[in-house]
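Pasted below: start35.pdb, PDB, C-alpha atoms, pLDDT in the B column.
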ATOM      1  CA  MET A   1     140.565 187.257  90.534  1.00 89.00           C
ATOM      2  CA  ILE A   2     143.272 185.376  92.416  1.00 94.00           C
ATOM      3  CA  LYS A   3     146.172 183.977  90.425  1.00 96.00           C
ATOM      4  CA  VAL A   4     147.118 180.354  91.192  1.00 97.00           C
ATOM      5  CA  THR A   5     150.397 179.181  89.736  1.00 98.00           C
ATOM      6  CA  ILE A   6     151.925 175.739  89.626  1.00 98.00           C
ATOM      7  CA  LEU A   7     155.631 176.512  89.303  1.00 98.00           C
ATOM      8  CA  CYS A   8     157.606 173.402  88.496  1.00 97.00           C
ATOM      9  CA  VAL A   9     160.876 171.974  87.267  1.00 97.00           C
ATOM     10  CA  GLY A  10     160.971 170.206  83.906  1.00 95.00           C
ATOM     11  CA  LYS A  11     158.500 169.577  81.139  1.00 95.00           C
ATOM     12  CA  VAL A  12     155.680 167.059  81.004  1.00 95.00           C
ATOM     13  CA  LYS A  13     156.431 164.793  78.060  1.00 92.00           C
ATOM     14  CA  GLU A  14     153.463 162.417  78.212  1.00 95.00           C
ATOM     15  CA  LYS A  15     150.391 163.613  76.320  1.00 97.00           C
ATOM     16  CA  PHE A  16     147.978 161.964  78.773  1.00 97.00           C
ATOM     17  CA  PHE A  17     149.484 163.958  81.671  1.00 97.00           C
ATOM     18  CA  ARG A  18     149.402 167.189  79.635  1.00 97.00           C
ATOM     19  CA  ASP A  19     145.753 166.534  78.716  1.00 97.00           C
ATOM     20  CA  ALA A  20     144.774 165.931  82.355  1.00 97.00           C
ATOM     21  CA  ILE A  21     146.561 169.079  83.530  1.00 97.00           C
ATOM     22  CA  ALA A  22     144.937 171.103  80.740  1.00 97.00           C
ATOM     23  CA  GLU A  23     141.489 169.818  81.726  1.00 97.00           C
ATOM     24  CA  TYR A  24     141.893 170.931  85.363  1.00 97.00           C
ATOM     25  CA  GLN A  25     143.397 174.249  84.292  1.00 97.00           C
ATOM     26  CA  LYS A  26     140.326 174.813  82.073  1.00 98.00           C
ATOM     27  CA  ARG A  27     137.979 173.960  84.961  1.00 97.00           C
ATOM     28  CA  LEU A  28     139.868 176.311  87.275  1.00 98.00           C
ATOM     29  CA  THR A  29     139.239 179.359  85.082  1.00 98.00           C
ATOM     30  CA  ARG A  30     135.805 179.681  86.773  1.00 97.00           C
ATOM     31  CA  TYR A  31     137.524 180.345  90.115  1.00 97.00           C
ATOM     32  CA  CYS A  32     140.950 181.802  89.498  1.00 97.00           C
ATOM     33  CA  LYS A  33     143.572 182.653  86.927  1.00 97.00           C
ATOM     34  CA  PRO A  34     145.438 179.327  86.666  1.00 98.00           C
ATOM     35  CA  ILE A  35     149.007 179.313  85.387  1.00 97.00           C
ATOM     36  CA  VAL A  36     151.547 176.532  84.912  1.00 97.00           C
ATOM     37  CA  THR A  37     155.137 177.740  84.648  1.00 97.00           C
ATOM     38  CA  GLU A  38     157.914 175.294  83.883  1.00 97.00           C
ATOM     39  CA  VAL A  39     161.607 175.948  84.411  1.00 98.00           C
ATOM     40  CA  ALA A  40     164.405 173.882  82.880  1.00 97.00           C
ATOM     41  CA  ASP A  41     165.640 170.855  84.747  1.00 96.00           C
ATOM     42  CA  GLU A  42     169.263 169.789  85.032  1.00 96.00           C
ATOM     43  CA  LYS A  43     170.659 166.479  83.850  1.00 94.00           C
ATOM     44  CA  THR A  44     171.522 164.309  86.836  1.00 93.00           C
ATOM     45  CA  PRO A  45     174.346 161.798  86.471  1.00 92.00           C
ATOM     46  CA  GLU A  46     173.383 158.313  87.678  1.00 91.00           C
ATOM     47  CA  ASP A  47     176.166 158.274  90.245  1.00 92.00           C
ATOM     48  CA  ALA A  48     175.785 161.922  91.290  1.00 93.00           C
ATOM     49  CA  SER A  49     177.665 162.866  94.436  1.00 94.00           C
ATOM     50  CA  GLU A  50     175.967 164.660  97.306  1.00 95.00           C
ATOM     51  CA  ASN A  51     177.674 167.866  96.174  1.00 96.00           C
ATOM     52  CA  GLN A  52     176.439 167.426  92.581  1.00 96.00           C
ATOM     53  CA  VAL A  53     172.888 166.801  93.833  1.00 96.00           C
ATOM     54  CA  LYS A  54     173.022 170.023  95.882  1.00 97.00           C
ATOM     55  CA  GLN A  55     174.373 171.990  92.900  1.00 97.00           C
ATOM     56  CA  ILE A  56     171.606 170.664  90.642  1.00 98.00           C
ATOM     57  CA  LYS A  57     168.887 171.460  93.178  1.00 98.00           C
ATOM     58  CA  ASP A  58     170.387 174.930  93.707  1.00 98.00           C
ATOM     59  CA  LYS A  59     170.376 175.701  89.949  1.00 98.00           C
ATOM     60  CA  GLU A  60     166.778 174.521  89.591  1.00 98.00           C
ATOM     61  CA  GLY A  61     165.851 176.426  92.751  1.00 98.00           C
ATOM     62  CA  GLU A  62     167.307 179.666  91.383  1.00 98.00           C
ATOM     63  CA  ARG A  63     165.186 179.234  88.278  1.00 98.00           C
ATOM     64  CA  LEU A  64     162.050 178.700  90.392  1.00 98.00           C
ATOM     65  CA  LEU A  65     162.798 181.641  92.684  1.00 98.00           C
ATOM     66  CA  SER A  66     163.237 183.976  89.704  1.00 98.00           C
ATOM     67  CA  HIS A  67     159.492 183.562  89.018  1.00 98.00           C
ATOM     68  CA  ILE A  68     158.318 184.316  92.567  1.00 98.00           C
ATOM     69  CA  LYS A  69     157.332 187.824  93.626  1.00 96.00           C
ATOM     70  CA  ASP A  70     157.754 189.139  97.165  1.00 94.00           C
ATOM     71  CA  ASP A  71     154.005 189.212  97.803  1.00 94.00           C
ATOM     72  CA  ASP A  72     153.284 185.696  96.446  1.00 96.00           C
ATOM     73  CA  TYR A  73     152.035 183.169  98.983  1.00 96.00           C
ATOM     74  CA  VAL A  74     154.191 180.124  98.273  1.00 97.00           C
ATOM     75  CA  ILE A  75     153.267 176.521  99.089  1.00 97.00           C
ATOM     76  CA  ALA A  76     156.050 174.005  98.497  1.00 98.00           C
ATOM     77  CA  MET A  77     155.242 170.392  97.799  1.00 96.00           C
ATOM     78  CA  ALA A  78     157.662 168.612 100.132  1.00 94.00           C
ATOM     79  CA  LEU A  79     157.866 165.202 101.789  1.00 90.00           C
ATOM     80  CA  ASP A  80     158.375 166.861 105.186  1.00 93.00           C
ATOM     81  CA  GLY A  81     155.365 169.139 104.687  1.00 96.00           C
ATOM     82  CA  ALA A  82     152.054 169.047 106.528  1.00 96.00           C
ATOM     83  CA  MET A  83     149.732 166.272 105.389  1.00 96.00           C
ATOM     84  CA  LEU A  84     146.472 168.087 104.752  1.00 95.00           C
ATOM     85  CA  SER A  85     143.101 166.746 103.766  1.00 95.00           C
ATOM     86  CA  SER A  86     141.406 168.322 100.755  1.00 95.00           C
ATOM     87  CA  GLU A  87     139.217 170.327 103.146  1.00 95.00           C
ATOM     88  CA  GLU A  88     142.259 171.567 105.078  1.00 96.00           C
ATOM     89  CA  LEU A  89     144.033 172.613 101.874  1.00 96.00           C
ATOM     90  CA  SER A  90     140.879 174.452 100.814  1.00 96.00           C
ATOM     91  CA  ARG A  91     140.697 176.279 104.165  1.00 96.00           C
ATOM     92  CA  LYS A  92     144.405 177.185 103.965  1.00 94.00           C
ATOM     93  CA  MET A  93     143.974 178.660 100.493  1.00 95.00           C
ATOM     94  CA  GLU A  94     140.783 180.465 101.474  1.00 94.00           C
ATOM     95  CA  THR A  95     142.417 181.914 104.598  1.00 94.00           C
ATOM     96  CA  GLU A  96     145.327 183.292 102.586  1.00 91.00           C
ATOM     97  CA  MET A  97     142.980 184.773  99.986  1.00 88.00           C
ATOM     98  CA  LEU A  98     140.941 186.412 102.756  1.00 87.00           C
ATOM     99  CA  HIS A  99     144.156 187.860 104.194  1.00 88.00           C
ATOM    100  CA  GLY A 100     144.872 189.587 100.912  1.00 86.00           C
ATOM    101  CA  ALA A 101     146.988 187.116  98.953  1.00 84.00           C
ATOM    102  CA  SER A 102     146.361 187.881  95.298  1.00 89.00           C
ATOM    103  CA  SER A 103     148.685 185.142  94.111  1.00 95.00           C
ATOM    104  CA  VAL A 104     149.266 181.611  95.403  1.00 97.00           C
ATOM    105  CA  VAL A 105     152.242 179.718  93.999  1.00 98.00           C
ATOM    106  CA  PHE A 106     152.644 175.965  94.389  1.00 98.00           C
ATOM    107  CA  LEU A 107     156.222 174.720  93.952  1.00 98.00           C
ATOM    108  CA  ILE A 108     157.046 171.283  92.574  1.00 96.00           C
ATOM    109  CA  GLY A 109     160.713 170.364  92.408  1.00 95.00           C
ATOM    110  CA  GLY A 110     162.431 168.147  89.904  1.00 93.00           C
ATOM    111  CA  SER A 111     163.403 164.523  90.395  1.00 90.00           C
ATOM    112  CA  LEU A 112     165.773 165.467  93.242  1.00 93.00           C
ATOM    113  CA  GLY A 113     163.281 167.709  95.050  1.00 94.00           C
ATOM    114  CA  LEU A 114     163.434 171.394  95.949  1.00 97.00           C
ATOM    115  CA  SER A 115     166.502 173.392  96.912  1.00 98.00           C
ATOM    116  CA  ASP A 116     166.976 174.647 100.457  1.00 97.00           C
ATOM    117  CA  ALA A 117     166.494 178.219  99.193  1.00 98.00           C
ATOM    118  CA  ALA A 118     163.156 177.352  97.547  1.00 98.00           C
ATOM    119  CA  LEU A 119     161.969 175.577 100.697  1.00 98.00           C
ATOM    120  CA  LYS A 120     163.066 178.528 102.824  1.00 98.00           C
ATOM    121  CA  ARG A 121     161.097 180.951 100.612  1.00 98.00           C
ATOM    122  CA  ALA A 122     157.919 178.899 100.980  1.00 98.00           C
ATOM    123  CA  ASN A 123     155.275 180.202 103.361  1.00 96.00           C
ATOM    124  CA  ALA A 124     154.026 176.647 103.871  1.00 96.00           C
ATOM    125  CA  LYS A 125     155.037 173.102 102.983  1.00 97.00           C
ATOM    126  CA  VAL A 126     152.446 170.493 102.058  1.00 97.00           C
ATOM    127  CA  CYS A 127     152.761 166.751 101.500  1.00 95.00           C
ATOM    128  CA  PHE A 128     150.229 164.555  99.697  1.00 93.00           C
ATOM    129  CA  GLY A 129     151.535 161.410 101.374  1.00 91.00           C
ATOM    130  CA  LYS A 130     154.776 159.675 102.153  1.00 87.00           C
ATOM    131  CA  VAL A 131     154.976 157.956  98.791  1.00 86.00           C
ATOM    132  CA  THR A 132     157.044 159.508  96.013  1.00 84.00           C
ATOM    133  CA  TYR A 133     155.210 160.555  92.852  1.00 86.00           C
ATOM    134  CA  PRO A 134     156.849 161.293  89.523  1.00 87.00           C
ATOM    135  CA  HIS A 135     156.836 165.089  89.284  1.00 83.00           C
ATOM    136  CA  GLN A 136     154.759 164.907  86.072  1.00 89.00           C
ATOM    137  CA  LEU A 137     152.019 162.976  87.899  1.00 94.00           C
ATOM    138  CA  MET A 138     152.293 165.340  90.866  1.00 94.00           C
ATOM    139  CA  ARG A 139     151.211 168.174  88.583  1.00 96.00           C
ATOM    140  CA  VAL A 140     148.031 166.289  87.704  1.00 97.00           C
ATOM    141  CA  ILE A 141     147.320 165.467  91.356  1.00 96.00           C
ATOM    142  CA  LEU A 142     148.016 169.027  92.481  1.00 97.00           C
ATOM    143  CA  SER A 143     145.863 170.501  89.689  1.00 98.00           C
ATOM    144  CA  GLU A 144     142.988 168.272  90.756  1.00 97.00           C
ATOM    145  CA  GLN A 145     143.410 169.179  94.434  1.00 97.00           C
ATOM    146  CA  ILE A 146     143.443 172.903  93.671  1.00 98.00           C
ATOM    147  CA  TYR A 147     140.240 172.453  91.665  1.00 98.00           C
ATOM    148  CA  ARG A 148     138.728 170.428  94.509  1.00 97.00           C
ATOM    149  CA  ALA A 149     139.775 173.140  96.994  1.00 97.00           C
ATOM    150  CA  PHE A 150     137.823 175.769  95.051  1.00 97.00           C
ATOM    151  CA  LYS A 151     134.773 173.497  94.779  1.00 97.00           C
ATOM    152  CA  ILE A 152     134.896 173.042  98.583  1.00 96.00           C
ATOM    153  CA  MET A 153     135.298 176.817  99.144  1.00 95.00           C
ATOM    154  CA  LYS A 154     132.260 177.512  96.968  1.00 95.00           C
ATOM    155  CA  LYS A 155     130.288 174.670  98.597  1.00 95.00           C
ATOM    156  CA  GLU A 156     129.719 173.134  95.184  1.00 95.00           C
ATOM    157  CA  PRO A 157     129.226 169.390  94.703  1.00 93.00           C
ATOM    158  CA  TYR A 158     132.165 167.328  93.516  1.00 84.00           C
ATOM    159  CA  HIS A 159     132.659 163.588  93.375  1.00 66.00           C
ATOM    160  CA  LYS A 160     134.198 162.000  96.454  1.00 60.00           C
TER     161      LYS A 160
END

Translate the structure described by the file into structure tokens.
Amino acid sequence: MIKVTILCVGKVKEKFFRDAIAEYQKRLTRYCKPIVTEVADEKTPEDASENQVKQIKDKEGERLLSHIKDDDYVIAMALDGAMLSSEELSRKMETEMLHGASSVVFLIGGSLGLSDAALKRANAKVCFGKVTYPHQLMRVILSEQIYRAFKIMKKEPYHK
């Protein structure tokens, strides 16, 4: 069974977000081994300099990269990523699974985004729109889209 990991920076504090993520993770167990891995985020000063922002992203990026194996297929959530429909995301995941990927890792950065190193490690970059989502909400949205992708792959009905 393929392993699908959401690897992200920071913790989800709000119970309603945690409950929604848990619900999709439970639903996903029919299709894959779903995992959510959180790494610590860094405190960002309000008036952080460009250099401080880079250092923070680099520290968080190192933490993310420490959880990625060489053979993981990594999809970074990034504003400059490809805007895919649900069907296109499903096909992308299915294609990688057919080509032997046994583990797909989705990266979600912290409030400042992903480090250059994390983006460079990614096999693909995906964007769910040009608006900015709080990273806690992004986990809910991504969990739902992964679930939807499996429903599409299996040609099972799902609400539109």

What does the PyMOL selection byres ((chain A and resi 106) around 9) select in this file, as a PyMOL selection string? chain A and resi 4-8+73-77+104-105+107-108+122+142

Using C-alpha atoms, can you export the residues from the last selection as a tab-separated table (two decimals), in the coordinates of the input?
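What ended up in result-v7.tsv:
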chain	number	residue	atom	x	y	z
A	4	VAL	CA	147.12	180.35	91.19
A	5	THR	CA	150.40	179.18	89.74
A	6	ILE	CA	151.93	175.74	89.63
A	7	LEU	CA	155.63	176.51	89.30
A	8	CYS	CA	157.61	173.40	88.50
A	73	TYR	CA	152.04	183.17	98.98
A	74	VAL	CA	154.19	180.12	98.27
A	75	ILE	CA	153.27	176.52	99.09
A	76	ALA	CA	156.05	174.00	98.50
A	77	MET	CA	155.24	170.39	97.80
A	104	VAL	CA	149.27	181.61	95.40
A	105	VAL	CA	152.24	179.72	94.00
A	107	LEU	CA	156.22	174.72	93.95
A	108	ILE	CA	157.05	171.28	92.57
A	122	ALA	CA	157.92	178.90	100.98
A	142	LEU	CA	148.02	169.03	92.48

Quick check on the file I pasted: which residues fall under the PyMOL selection byres ((chain A and resi 148) around 12)? Write them as number ranges by chain. A: 24-25, 27-28, 31, 85-91, 93, 141-147, 149-160

Interatomic distance between CA of Gly109 (chain A) and CA of His135 (chain A)?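 Atom-to-atom, CA of Gly109 (chain A) to CA of His135 (chain A), that is 7.3 Å.
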
Would you kindly translate the PyMOL selection byres ((chain A and resi 111) around 10) into the concrete residues it picks from this file, as a list of chain:residue names?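 Answer for the PyMOL selection byres ((chain A and resi 111) around 10): A:Val9, A:Gly10, A:Asp41, A:Glu42, A:Lys43, A:Thr44, A:Lys57, A:Ile108, A:Gly109, A:Gly110, A:Leu112, A:Gly113, A:Leu114, A:Thr132, A:Tyr133, A:Pro134, A:His135, A:Gln136.
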
For Ala22 (chain A), which residue among A:Lys120, A:Lys59, A:Lys54, A:Arg139 is the nearest when counting only C-alpha atoms?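 Of all the options, A:Arg139 lies closest to Ala22 (chain A).
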
For a test of reading the model, state the distance in Å between CA of Ser103 (chain A) and CA of Ala117 (chain A), rounded to one decimal.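 Separation between CA of Ser103 (chain A) and CA of Ala117 (chain A): 19.8 Å.
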
Please provide the set of residues having any atom within 12 Å of Lys130 (chain A), restricted to all atoms listed in the file, with same-chain residues fewer than 6 positions apart removed, written as a PyMOL selection string. chain A and resi 77-83

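You will find CA of Lys92 (chain A) at 13.6 Å from CA of Cys127 (chain A).
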
Can you list, as an MDAnalysis selection string, every protein, DNA or RNA residue that comes within 9 Å of Leu65 (chain A) when you count all atoms listed in the file, leaving out same-chain residues fewer than 4 positions away? chainID A and resid 60:61 69 117:118 121

Nearest residue to Leu137 (chain A) from the set A:Val36, A:Leu64, A:Ala20, A:Val53 (distances using only C-alpha atoms):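 Closest candidate: A:Ala20.
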
Check the smallest atom-to-atom distance from each of A:Phe16, A:Ala48, A:Arg63, A:Lys3 to Met97 (chain A) using all atoms listed in the file, then report the winner.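 With all atoms listed in the file as the atom set, the closest residue is A:Lys3.
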
Where is the centre and how long are the edges: axis-aligned box on region 122-139 of chain A, 6 Å on each side, Å to one decimal, as lines of an AutoDock Vina configuration file:
center_x = 154.1
center_y = 169.1
center_z = 95.0
size_x = 19.7
size_y = 34.2
size_z = 29.8
